[in-house]
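Undergrad: Pasting model_4.txt here (compact mmCIF, C-alpha atoms and all ligand atoms):
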# COMPACT_ATOMS: atom_id res chain seq x y z
CA MET M 493 0.00 0.00 0.00
CA ARG M 494 1.41 3.39 -0.99
CA ILE M 495 0.93 6.31 1.37
CA ALA M 496 1.75 9.85 0.20
CA VAL M 497 2.76 12.34 2.89
CA LEU M 498 2.65 16.14 2.77
CA SER M 499 2.01 18.99 5.22
CA ASP M 500 2.04 22.78 5.36
CA ILE M 501 0.65 23.31 1.89
CA HIS M 502 -0.49 26.83 2.95
CA GLU M 503 -2.61 26.96 -0.17
CA GLY M 504 -3.70 30.60 0.11
CA LEU M 505 -0.29 32.15 0.69
CA ASN M 506 1.52 29.91 -1.78
CA ARG M 507 -1.14 30.50 -4.46
CA LYS M 508 -0.79 34.25 -4.04
CA ASN M 509 3.00 34.29 -3.93
CA THR M 510 3.55 31.85 -6.81
CA ARG M 511 0.56 33.25 -8.78
CA SER M 512 -0.15 29.64 -9.55
CA ASP M 513 -2.94 27.17 -8.81
CA ILE M 514 -1.26 25.00 -6.14
CA MET M 515 -4.27 22.69 -5.87
CA ALA M 516 -4.33 22.01 -9.62
CA THR M 517 -0.69 20.90 -9.43
CA LEU M 518 -1.40 18.72 -6.40
CA LYS M 519 -4.39 17.17 -8.17
CA LYS M 520 -2.32 16.43 -11.25
CA TRP M 521 0.17 14.60 -9.05
CA ILE M 522 -2.58 12.53 -7.41
CA ALA M 523 -4.12 11.72 -10.80
CA VAL M 524 -0.79 10.41 -12.11
CA HIS M 525 0.44 8.55 -9.00
CA SER M 526 -2.86 7.52 -7.49
CA PRO M 527 -1.63 6.52 -4.00
CA GLU M 528 -4.04 4.45 -1.90
CA VAL M 529 -3.70 6.91 1.00
CA PHE M 530 -2.66 10.58 1.16
CA ILE M 531 -1.86 12.01 4.60
CA ILE M 532 -2.03 15.80 4.93
CA SER M 533 -0.62 16.70 8.35
CA GLY M 534 -1.94 20.22 8.84
CA ASP M 535 -1.78 23.82 7.62
CA MET M 536 -3.79 23.18 4.47
CA THR M 537 -4.60 26.91 4.34
CA ALA M 538 -5.81 29.56 6.82
CA GLY M 539 -9.26 29.18 8.39
CA PRO M 540 -11.47 26.11 8.81
CA GLU M 541 -14.02 26.77 6.04
CA LYS M 542 -11.39 27.19 3.36
CA SER M 543 -9.41 24.15 4.51
CA LEU M 544 -12.60 22.07 4.64
CA ALA M 545 -13.61 23.12 1.13
CA LEU M 546 -10.19 22.21 -0.30
CA LEU M 547 -10.15 18.83 1.43
CA ASN M 548 -13.68 17.94 0.35
CA GLN M 549 -12.94 18.96 -3.21
CA LEU M 550 -9.77 16.85 -3.28
CA GLN M 551 -11.53 13.77 -1.90
CA ARG M 552 -14.53 14.18 -4.24
CA GLU M 553 -12.32 14.42 -7.31
CA TYR M 554 -10.05 11.50 -6.34
CA PRO M 555 -12.24 8.89 -4.64
CA GLN M 556 -9.64 6.17 -5.32
CA THR M 557 -7.19 7.92 -2.93
CA ARG M 558 -8.14 8.02 0.73
CA ILE M 559 -7.31 11.51 1.99
CA LEU M 560 -6.51 11.63 5.72
CA PHE M 561 -6.00 14.90 7.57
CA VAL M 562 -5.07 16.44 10.90
CA HIS M 563 -5.48 20.17 11.43
CA GLY M 564 -2.60 22.59 11.86
CA ASN M 565 -2.61 25.85 13.76
CA HIS M 566 -3.52 27.82 10.62
CA ASP M 567 -6.55 25.60 9.90
CA ILE M 568 -8.15 26.53 13.22
CA TYR M 569 -7.59 30.30 12.97
CA HIS M 570 -11.04 31.52 13.97
CA GLU M 571 -12.69 33.53 16.73
CA ASP M 572 -13.81 30.18 18.19
CA SER M 573 -11.20 27.48 17.55
CA GLU M 574 -13.40 24.79 19.16
CA LEU M 575 -15.98 25.58 16.49
CA ALA M 576 -13.24 25.54 13.86
CA TYR M 577 -12.22 22.06 15.10
CA GLN M 578 -15.85 20.90 14.72
CA THR M 579 -16.11 22.44 11.25
CA LEU M 580 -13.03 20.51 10.13
CA LEU M 581 -14.61 17.28 11.41
CA GLU M 582 -17.09 17.65 8.55
CA PHE M 583 -14.26 16.23 6.47
CA GLN M 584 -14.68 12.47 6.74
CA GLY M 585 -10.94 11.80 6.50
CA ASN M 586 -10.16 13.97 9.53
CA LEU M 587 -8.33 11.71 12.00
CA GLY M 588 -10.09 13.59 14.81
CA HIS M 589 -12.94 11.13 14.15
CA GLY M 590 -10.75 8.32 15.47
CA PRO M 591 -8.38 5.60 14.29
CA VAL M 592 -8.44 4.48 10.66
CA GLU M 593 -7.68 0.80 10.05
CA LEU M 594 -5.87 0.38 6.75
CA ASP M 595 -5.80 -3.42 6.89
CA GLU M 596 -5.63 -6.12 9.57
CA ASN M 597 -2.16 -4.91 10.67
CA TRP M 598 -1.88 -1.18 10.09
CA VAL M 599 -3.83 1.57 11.78
CA ILE M 600 -3.46 5.36 11.55
CA ILE M 601 -4.07 7.33 14.74
CA GLY M 602 -3.77 11.06 15.28
CA ASP M 603 -5.12 14.58 15.63
CA GLY M 604 -3.70 18.07 15.24
CA GLY M 605 -2.23 18.38 18.73
CA TRP M 606 -0.98 21.59 20.34
CA TYR M 607 1.93 22.84 22.49
CA ASP M 608 2.57 23.08 26.20
CA TYR M 609 6.01 24.81 26.37
CA THR M 610 7.83 21.52 27.09
CA PHE M 611 10.16 22.77 24.32
CA GLY M 612 10.48 26.17 25.99
CA ILE M 613 14.03 27.37 26.62
CA GLU M 614 15.28 28.10 30.11
CA GLY M 615 15.07 31.56 31.61
CA TYR M 616 11.47 32.32 30.66
CA THR M 617 8.29 31.82 32.64
CA LYS M 618 5.12 30.00 31.70
CA GLU M 619 3.40 33.39 31.68
CA GLN M 620 5.88 34.74 29.14
CA PHE M 621 5.28 31.76 26.83
CA GLN M 622 1.56 32.16 27.39
CA THR M 623 1.73 35.77 26.22
CA GLY M 624 4.01 34.65 23.40
CA THR M 625 5.70 37.99 22.83
CA PHE M 626 9.44 38.41 22.42
CA ASN M 627 10.70 41.94 21.78
CA ASP M 628 7.93 43.29 19.56
CA PHE M 629 6.93 40.03 17.86
CA THR M 630 3.91 38.09 19.07
CA TRP M 631 3.41 34.48 17.98
CA PRO M 632 0.49 34.61 15.45
CA ASP M 633 -1.54 31.85 17.19
CA LYS M 634 -1.93 34.17 20.18
CA THR M 635 -4.07 36.53 18.14
CA ASN M 636 -5.59 34.14 15.59
CA ALA M 637 -6.44 30.98 17.57
CA HIS M 638 -9.02 31.16 20.35
CA TRP M 639 -9.39 27.98 22.38
CA THR M 640 -11.30 27.39 25.58
CA GLY M 641 -8.54 26.98 28.16
CA ASN M 642 -4.85 27.74 28.05
CA ASP M 643 -2.24 26.04 25.84
CA ASN M 644 -1.45 23.44 28.47
CA GLU M 645 -5.12 22.49 28.87
CA VAL M 646 -5.61 22.29 25.11
CA THR M 647 -2.55 19.99 24.81
CA GLU M 648 -3.83 17.86 27.68
CA ARG M 649 -7.09 17.26 25.80
CA TYR M 650 -5.23 16.03 22.72
CA ILE M 651 -2.91 13.81 24.77
CA THR M 652 -5.87 12.17 26.52
CA ARG M 653 -7.79 11.64 23.28
CA ILE M 654 -4.81 10.21 21.38
CA GLU M 655 -3.70 8.00 24.29
CA ASN M 656 -7.18 6.45 24.49
CA TRP M 657 -6.97 5.50 20.84
CA LEU M 658 -3.38 4.24 21.14
CA SER M 659 -4.23 2.01 24.08
CA GLU M 660 -7.24 0.64 22.21
CA TYR M 661 -4.99 -0.38 19.30
CA ARG M 662 -1.95 -1.47 21.32
CA GLY M 663 -0.02 -4.23 19.57
CA ARG M 664 -1.01 -3.19 16.06
CA ASN M 665 1.30 -1.49 13.57
CA ILE M 666 0.57 2.13 14.32
CA ILE M 667 1.20 5.22 12.22
CA MET M 668 0.74 8.27 14.45
CA VAL M 669 0.02 11.68 12.91
CA THR M 670 -0.02 15.16 14.46
CA HIS M 671 0.71 18.61 13.10
CA PHE M 672 2.87 19.55 16.06
CA VAL M 673 6.40 18.34 16.73
CA PRO M 674 6.85 15.32 19.06
CA CYS M 675 10.59 15.43 19.84
CA SER M 676 12.99 18.29 20.59
CA GLN M 677 15.76 17.12 18.23
CA PHE M 678 13.72 18.43 15.29
CA LEU M 679 13.74 21.98 16.60
CA LEU M 680 16.20 24.48 15.28
CA CYS M 681 18.13 26.05 18.15
CA LYS M 682 20.02 29.13 17.03
CA ASN M 683 21.25 30.22 20.47
CA ASP M 684 19.42 33.44 19.70
CA PRO M 685 16.53 33.97 22.12
CA SER M 686 14.52 35.94 19.55
CA TRP M 687 14.25 32.64 17.63
CA ASP M 688 14.61 30.00 20.35
CA PHE M 689 11.88 31.56 22.51
CA PHE M 690 9.28 30.47 19.93
CA ASN M 691 10.34 26.81 20.06
CA ALA M 692 7.94 26.68 23.02
CA MET M 693 5.14 26.92 20.44
CA MET M 694 6.41 24.08 18.22
CA GLY M 695 4.91 21.07 19.96
CA SER M 696 5.12 18.85 23.00
CA SER M 697 7.58 16.23 24.21
CA ARG M 698 4.52 14.42 25.61
CA LEU M 699 3.50 13.49 22.05
CA GLY M 700 6.85 11.79 21.44
CA LYS M 701 6.73 10.01 24.80
CA LEU M 702 3.25 8.75 24.02
CA ALA M 703 4.40 7.39 20.66
CA LEU M 704 7.33 5.55 22.26
CA LYS M 705 5.15 4.20 25.08
CA TYR M 706 2.78 2.58 22.61
CA GLY M 707 5.47 1.38 20.19
CA VAL M 708 4.36 3.58 17.29
CA GLU M 709 6.17 2.46 14.11
CA LYS M 710 5.90 5.63 12.05
CA TYR M 711 5.25 9.18 13.21
CA ILE M 712 4.19 11.84 10.72
CA PHE M 713 4.12 15.51 11.65
CA GLY M 714 4.55 19.02 10.22
CA HIS M 715 4.49 22.61 11.50
CA ILE M 716 8.22 23.23 11.28
CA HIS M 717 8.95 23.97 7.67
CA THR M 718 12.00 21.73 7.46
CA ARG M 719 11.87 18.29 5.86
CA TYR M 720 13.02 15.31 7.92
CA HIS M 721 12.96 11.54 7.49
CA ASP M 722 14.73 9.99 10.47
CA LYS M 723 14.81 7.03 12.84
CA TYR M 724 14.66 7.55 16.59
CA LYS M 725 14.51 4.73 19.15
CA GLY M 726 13.18 2.37 16.48
CA MET M 727 10.50 4.80 15.33
CA GLU M 728 10.48 6.26 11.83
CA LEU M 729 9.73 10.00 11.87
CA ILE M 730 8.63 11.95 8.84
CA CYS M 731 8.13 15.70 8.63
CA ASN M 732 7.38 16.62 5.04
CA PRO M 733 6.20 20.22 4.66
CA LEU M 734 5.78 22.04 1.38
CA GLY M 735 6.49 25.31 3.23
CA TYR M 736 6.46 28.88 1.99
CA TYR M 737 7.43 30.00 -1.47
CA PRO M 738 10.07 31.15 -2.30
CA HIS M 739 12.53 31.02 0.62
CA GLU M 740 11.62 27.52 1.83
CA TRP M 741 11.42 25.95 -1.63
CA ASN M 742 14.15 24.22 -3.63
CA PHE M 743 12.66 25.01 -7.03
CA LYS M 744 11.10 28.02 -8.73
CA SER M 745 8.42 25.91 -10.43
CA VAL M 746 5.36 24.73 -8.50
CA GLU M 747 5.30 21.43 -10.42
CA GLU M 748 8.91 20.63 -9.62
CA GLU M 749 8.60 21.63 -5.96
CA ILE M 750 5.42 19.66 -5.33
CA SER M 751 6.50 16.52 -7.17
CA SER M 752 9.94 16.50 -5.55
CA CYS M 753 8.50 17.22 -2.11
CA ILE M 754 5.70 14.66 -1.80
CA LYS M 755 7.01 11.59 -0.01
CA VAL M 756 5.57 8.17 -0.70
CA ILE M 757 6.02 5.41 1.85
CA THR M 758 5.02 1.80 1.29
CA ILE M 759 3.64 -0.50 3.95
FE FE G 1 2.96 25.62 8.49
FE FE G 2 1.81 25.02 11.66
Turn the structure described in the file into structure tokens.
Ligand SMILES: [Fe+2]
Ligand SMILES: [Fe+2]
TA:
Amino acid sequence: MRIAVLSDIHEGLNRKNTRSDIMATLKKWIAVHSPEVFIISGDMTAGPEKSLALLNQLQREYPQTRILFVHGNHDIYHEDSELAYQTLLEFQGNLGHGPVELDENWVIIGDGGWYDYTFGIEGYTKEQFQTGTFNDFTWPDKTNAHWTGNDNEVTERYITRIENWLSEYRGRNIIMVTHFVPCSQFLLCKNDPSWDFFNAMMGSSRLGKLALKYGVEKYIFGHIHTRYHDKYKGMELICNPLGYYPHEWNFKSVEEEISSCIKVITI
């Protein structure tokens, strides 16, 4: 079974900046390669309605490919992020509905996730991370995402939900998916607090611990716009973002960037 993996498509921004129809290029790729499963691990575009519309359109046009999705921070930008979360559940392939059994061995388990400052650097308080301002830059989620409860409580909810599913499927071959980063080694530390401060908003070490506890075989995530395919303590980790044009791309052409970026794994 072939599973395509991509995150951080940021359709709106990349369409505007490339002046090109990103979705048409993505669709062309799906039409040619026709993978059985396509995992999109968050940041489809900004705002739940737009992300939902793109996902539904993709699935409608390519019924032979099962599109699976977890939300990113940009997908839930809304005055009520709980409502945004619910809106995105209207997409049938949203992993927030629960585990998806691919066959008698493999199961995909995940949800967007959030962050709890477990990746926060020393010397700053929880309150400072909560405010999310360093010098005169405020982390965009602080103004665009509006959850009930603080970051720690939001993360706790995801951890509980995902752990319930993991324990239910213990012993199976599990592919875990979140948008947020599960392990600190994937964070870029520049020894410059104006950058490193925001690593607190990249994910949670609790996600990685959960994956190891339940013997997850493959872990797919996004959020950081750097591509990784690594092994860690027997677990295969894949972060495969498209990222922002032009500074995070390898090619000038949308076709070349998308086709070279999409990763296909076989199980
Ligand atoms: Fe992103
Ligand atoms: Fe993100």
Undergrad: How many Å lie between atom CA of M:Lys710 and atom CA of M:Ile667, rounded to one decimal?
TA: 4.7 Å
Undergrad: Output, as lines of an AutoDock Vina configuration file, the centre and edge lengths in Å (one decimal) of the axis-aligned box that contains all listed atoms of stretch 714-719 of chain M with 3 Å of margin on each side.
TA:
center_x = 8.2
center_y = 21.1
center_z = 8.7
size_x = 13.5
size_y = 11.7
size_z = 11.6
Undergrad: List all protein, DNA and RNA residues that have an atom no more than 9 Å from any atom of ligand FE 1 (chain G), counting all atoms listed in the file, and report them as a list in words.
TA: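 Residues satisfying the distance criterion: Ser499, Asp500, Ile501, His502, Gly534, Asp535, Met536, Thr537, Gly564, Asn565, His566, His671, Gly714, His715, Ile716, His717, Pro733, Leu734, Gly735 and Tyr736 of chain M.
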Undergrad: Just write the chosen residues, C-alpha atoms, as a PDB file, in the frame of the given file.
TA:
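Saved to again-v9.pdb:
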ATOM      1  CA  SER M 499       2.010  18.990   5.220  1.00  0.00           C
ATOM      2  CA  ASP M 500       2.040  22.780   5.360  1.00  0.00           C
ATOM      3  CA  ILE M 501       0.650  23.310   1.890  1.00  0.00           C
ATOM      4  CA  HIS M 502      -0.490  26.830   2.950  1.00  0.00           C
ATOM      5  CA  GLY M 534      -1.940  20.220   8.840  1.00  0.00           C
ATOM      6  CA  ASP M 535      -1.780  23.820   7.620  1.00  0.00           C
ATOM      7  CA  MET M 536      -3.790  23.180   4.470  1.00  0.00           C
ATOM      8  CA  THR M 537      -4.600  26.910   4.340  1.00  0.00           C
ATOM      9  CA  GLY M 564      -2.600  22.590  11.860  1.00  0.00           C
ATOM     10  CA  ASN M 565      -2.610  25.850  13.760  1.00  0.00           C
ATOM     11  CA  HIS M 566      -3.520  27.820  10.620  1.00  0.00           C
ATOM     12  CA  HIS M 671       0.710  18.610  13.100  1.00  0.00           C
ATOM     13  CA  GLY M 714       4.550  19.020  10.220  1.00  0.00           C
ATOM     14  CA  HIS M 715       4.490  22.610  11.500  1.00  0.00           C
ATOM     15  CA  ILE M 716       8.220  23.230  11.280  1.00  0.00           C
ATOM     16  CA  HIS M 717       8.950  23.970   7.670  1.00  0.00           C
ATOM     17  CA  PRO M 733       6.200  20.220   4.660  1.00  0.00           C
ATOM     18  CA  LEU M 734       5.780  22.040   1.380  1.00  0.00           C
ATOM     19  CA  GLY M 735       6.490  25.310   3.230  1.00  0.00           C
ATOM     20  CA  TYR M 736       6.460  28.880   1.990  1.00  0.00           C
TER      21      TYR M 736
END
Undergrad: Which one of M:Pro591, M:Gly504, M:Pro555, M:Gly695 sits closest to ligand FE 2 (chain G) if you count only C-alpha atoms and all ligand atoms?
TA: M:Gly695
Undergrad: Tell me which protein, DNA and RNA residues are within 10 Å of stretch 700-708 of chain M, counting only C-alpha atoms, leaving out same-chain ones fewer than 3 positions away, and put them as a short mmCIF file (atom, residue, chain, number, x, y, z; two decimals) with C-alpha atoms, in the frame of the given file.
TA:
data_model
loop_
_atom_site.label_atom_id
_atom_site.label_comp_id
_atom_site.auth_asym_id
_atom_site.auth_seq_id
_atom_site.Cartn_x
_atom_site.Cartn_y
_atom_site.Cartn_z
CA ILE M 600 -3.46 5.36 11.55
CA ILE M 601 -4.07 7.33 14.74
CA ILE M 651 -2.91 13.81 24.77
CA ILE M 654 -4.81 10.21 21.38
CA GLU M 655 -3.70 8.00 24.29
CA LEU M 658 -3.38 4.24 21.14
CA SER M 659 -4.23 2.01 24.08
CA TYR M 661 -4.99 -0.38 19.30
CA ARG M 662 -1.95 -1.47 21.32
CA GLY M 663 -0.02 -4.23 19.57
CA ARG M 664 -1.01 -3.19 16.06
CA ASN M 665 1.30 -1.49 13.57
CA ILE M 666 0.57 2.13 14.32
CA ILE M 667 1.20 5.22 12.22
CA MET M 668 0.74 8.27 14.45
CA VAL M 669 0.02 11.68 12.91
CA VAL M 673 6.40 18.34 16.73
CA PRO M 674 6.85 15.32 19.06
CA CYS M 675 10.59 15.43 19.84
CA SER M 676 12.99 18.29 20.59
CA GLY M 695 4.91 21.07 19.96
CA SER M 696 5.12 18.85 23.00
CA SER M 697 7.58 16.23 24.21
CA TYR M 711 5.25 9.18 13.21
CA TYR M 724 14.66 7.55 16.59
CA LYS M 725 14.51 4.73 19.15
CA GLY M 726 13.18 2.37 16.48
CA MET M 727 10.50 4.80 15.33
CA GLU M 728 10.48 6.26 11.83
CA LEU M 729 9.73 10.00 11.87
#
Undergrad: Excluding same-chain residues fewer than 5 positions from stretch 557-563 of chain M, what lies within 7 Å of it counting all atoms listed in the file, as an NGL selection string?
TA: :M and (526-535 or 551 or 585-588 or 603-604 or 670-671)
Undergrad: Nearest residue to M:Trp631 out of M:Phe583, M:Trp687, M:Tyr577, M:Phe611, using only C-alpha atoms?
TA: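 Using only C-alpha atoms, the shortest distance to M:Trp631 belongs to M:Trp687.
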Undergrad: State, in Å with one decimal place, the distance from atom CA of M:Met493 to atom CA of M:Lys542.
TA: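 Atom-to-atom, atom CA of M:Met493 and atom CA of M:Lys542 are spaced 29.7 Å apart.
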Undergrad: Once all heavy atoms are restored for stretch 593-604 of chain M, what would the output be as a PDB file, in the frame of the given file?
TA:
ATOM      1  N   GLU M 593      -8.348   2.080  10.293  1.00  0.00           N
ATOM      2  CA  GLU M 593      -7.680   0.800  10.050  1.00  0.00           C
ATOM      3  C   GLU M 593      -7.445   0.649   8.559  1.00  0.00           C
ATOM      4  O   GLU M 593      -8.397   0.670   7.782  1.00  0.00           O
ATOM      5  CB  GLU M 593      -8.543  -0.341  10.572  1.00  0.00           C
ATOM      6  CG  GLU M 593      -8.693  -0.307  12.079  1.00  0.00           C
ATOM      7  CD  GLU M 593      -9.509  -1.484  12.620  1.00  0.00           C
ATOM      8  OE1 GLU M 593      -9.125  -2.634  12.371  1.00  0.00           O
ATOM      9  OE2 GLU M 593     -10.531  -1.214  13.270  1.00  0.00           O
ATOM     10  N   LEU M 594      -6.183   0.508   8.173  1.00  0.00           N
ATOM     11  CA  LEU M 594      -5.870   0.380   6.750  1.00  0.00           C
ATOM     12  C   LEU M 594      -6.014  -1.068   6.286  1.00  0.00           C
ATOM     13  O   LEU M 594      -6.452  -1.332   5.178  1.00  0.00           O
ATOM     14  CB  LEU M 594      -4.442   0.857   6.469  1.00  0.00           C
ATOM     15  CG  LEU M 594      -4.158   2.334   6.736  1.00  0.00           C
ATOM     16  CD1 LEU M 594      -2.703   2.657   6.429  1.00  0.00           C
ATOM     17  CD2 LEU M 594      -5.078   3.235   5.918  1.00  0.00           C
ATOM     18  N   ASP M 595      -5.605  -1.994   7.136  1.00  0.00           N
ATOM     19  CA  ASP M 595      -5.800  -3.420   6.890  1.00  0.00           C
ATOM     20  C   ASP M 595      -5.768  -4.114   8.245  1.00  0.00           C
ATOM     21  O   ASP M 595      -5.871  -3.447   9.278  1.00  0.00           O
ATOM     22  CB  ASP M 595      -4.740  -3.978   5.911  1.00  0.00           C
ATOM     23  CG  ASP M 595      -3.305  -3.753   6.396  1.00  0.00           C
ATOM     24  OD1 ASP M 595      -3.091  -3.632   7.627  1.00  0.00           O
ATOM     25  OD2 ASP M 595      -2.396  -3.703   5.557  1.00  0.00           O
ATOM     26  N   GLU M 596      -5.567  -5.436   8.265  1.00  0.00           N
ATOM     27  CA  GLU M 596      -5.630  -6.120   9.570  1.00  0.00           C
ATOM     28  C   GLU M 596      -4.425  -5.815  10.458  1.00  0.00           C
ATOM     29  O   GLU M 596      -4.466  -6.054  11.660  1.00  0.00           O
ATOM     30  CB  GLU M 596      -5.841  -7.647   9.402  1.00  0.00           C
ATOM     31  CG  GLU M 596      -4.769  -8.399   8.652  1.00  0.00           C
ATOM     32  CD  GLU M 596      -4.910  -8.310   7.136  1.00  0.00           C
ATOM     33  OE1 GLU M 596      -5.703  -7.487   6.622  1.00  0.00           O
ATOM     34  OE2 GLU M 596      -4.206  -9.067   6.453  1.00  0.00           O
ATOM     35  N   ASN M 597      -3.340  -5.238   9.869  1.00  0.00           N
ATOM     36  CA  ASN M 597      -2.160  -4.910  10.670  1.00  0.00           C
ATOM     37  C   ASN M 597      -2.037  -3.421  10.987  1.00  0.00           C
ATOM     38  O   ASN M 597      -1.772  -3.047  12.118  1.00  0.00           O
ATOM     39  CB  ASN M 597      -0.884  -5.335   9.928  1.00  0.00           C
ATOM     40  CG  ASN M 597      -0.835  -6.819   9.675  1.00  0.00           C
ATOM     41  OD1 ASN M 597      -1.144  -7.616  10.563  1.00  0.00           O
ATOM     42  ND2 ASN M 597      -0.490  -7.211   8.463  1.00  0.00           N
ATOM     43  N   TRP M 598      -2.220  -2.602   9.977  1.00  0.00           N
ATOM     44  CA  TRP M 598      -1.880  -1.180  10.090  1.00  0.00           C
ATOM     45  C   TRP M 598      -3.068  -0.302  10.462  1.00  0.00           C
ATOM     46  O   TRP M 598      -4.153  -0.449   9.918  1.00  0.00           O
ATOM     47  CB  TRP M 598      -1.273  -0.679   8.779  1.00  0.00           C
ATOM     48  CG  TRP M 598       0.109  -1.200   8.545  1.00  0.00           C
ATOM     49  CD1 TRP M 598       0.456  -2.324   7.844  1.00  0.00           C
ATOM     50  CD2 TRP M 598       1.328  -0.630   9.018  1.00  0.00           C
ATOM     51  NE1 TRP M 598       1.820  -2.484   7.856  1.00  0.00           N
ATOM     52  CE2 TRP M 598       2.379  -1.461   8.555  1.00  0.00           C
ATOM     53  CE3 TRP M 598       1.647   0.498   9.776  1.00  0.00           C
ATOM     54  CZ2 TRP M 598       3.726  -1.195   8.844  1.00  0.00           C
ATOM     55  CZ3 TRP M 598       2.981   0.765  10.054  1.00  0.00           C
ATOM     56  CH2 TRP M 598       4.005  -0.078   9.587  1.00  0.00           C
ATOM     57  N   VAL M 599      -2.796   0.620  11.381  1.00  0.00           N
ATOM     58  CA  VAL M 599      -3.830   1.570  11.780  1.00  0.00           C
ATOM     59  C   VAL M 599      -3.200   2.968  11.877  1.00  0.00           C
ATOM     60  O   VAL M 599      -2.040   3.102  12.281  1.00  0.00           O
ATOM     61  CB  VAL M 599      -4.516   1.120  13.102  1.00  0.00           C
ATOM     62  CG1 VAL M 599      -3.514   0.988  14.229  1.00  0.00           C
ATOM     63  CG2 VAL M 599      -5.628   2.069  13.518  1.00  0.00           C
ATOM     64  N   ILE M 600      -3.950   3.975  11.465  1.00  0.00           N
ATOM     65  CA  ILE M 600      -3.460   5.360  11.550  1.00  0.00           C
ATOM     66  C   ILE M 600      -4.223   6.075  12.650  1.00  0.00           C
ATOM     67  O   ILE M 600      -5.468   6.046  12.693  1.00  0.00           O
ATOM     68  CB  ILE M 600      -3.626   6.108  10.209  1.00  0.00           C
ATOM     69  CG1 ILE M 600      -2.968   5.323   9.074  1.00  0.00           C
ATOM     70  CG2 ILE M 600      -3.032   7.513  10.305  1.00  0.00           C
ATOM     71  CD1 ILE M 600      -2.780   6.085   7.778  1.00  0.00           C
ATOM     72  N   ILE M 601      -3.473   6.676  13.576  1.00  0.00           N
ATOM     73  CA  ILE M 601      -4.070   7.330  14.740  1.00  0.00           C
ATOM     74  C   ILE M 601      -3.471   8.735  14.881  1.00  0.00           C
ATOM     75  O   ILE M 601      -2.249   8.898  14.834  1.00  0.00           O
ATOM     76  CB  ILE M 601      -3.770   6.520  16.033  1.00  0.00           C
ATOM     77  CG1 ILE M 601      -4.488   5.165  15.966  1.00  0.00           C
ATOM     78  CG2 ILE M 601      -4.181   7.305  17.291  1.00  0.00           C
ATOM     79  CD1 ILE M 601      -4.159   4.225  17.112  1.00  0.00           C
ATOM     80  N   GLY M 602      -4.320   9.725  15.056  1.00  0.00           N
ATOM     81  CA  GLY M 602      -3.770  11.060  15.280  1.00  0.00           C
ATOM     82  C   GLY M 602      -4.807  12.147  15.406  1.00  0.00           C
ATOM     83  O   GLY M 602      -6.010  11.906  15.372  1.00  0.00           O
ATOM     84  N   ASP M 603      -4.313  13.360  15.547  1.00  0.00           N
ATOM     85  CA  ASP M 603      -5.120  14.580  15.630  1.00  0.00           C
ATOM     86  C   ASP M 603      -4.109  15.731  15.553  1.00  0.00           C
ATOM     87  O   ASP M 603      -2.903  15.492  15.621  1.00  0.00           O
ATOM     88  CB  ASP M 603      -5.920  14.597  16.937  1.00  0.00           C
ATOM     89  CG  ASP M 603      -7.209  15.407  16.785  1.00  0.00           C
ATOM     90  OD1 ASP M 603      -7.342  16.142  15.783  1.00  0.00           O
ATOM     91  OD2 ASP M 603      -8.077  15.305  17.671  1.00  0.00           O
ATOM     92  N   GLY M 604      -4.614  16.941  15.442  1.00  0.00           N
ATOM     93  CA  GLY M 604      -3.700  18.070  15.240  1.00  0.00           C
ATOM     94  C   GLY M 604      -2.658  18.217  16.341  1.00  0.00           C
ATOM     95  O   GLY M 604      -1.483  18.391  16.091  1.00  0.00           O
TER      96      GLY M 604
END
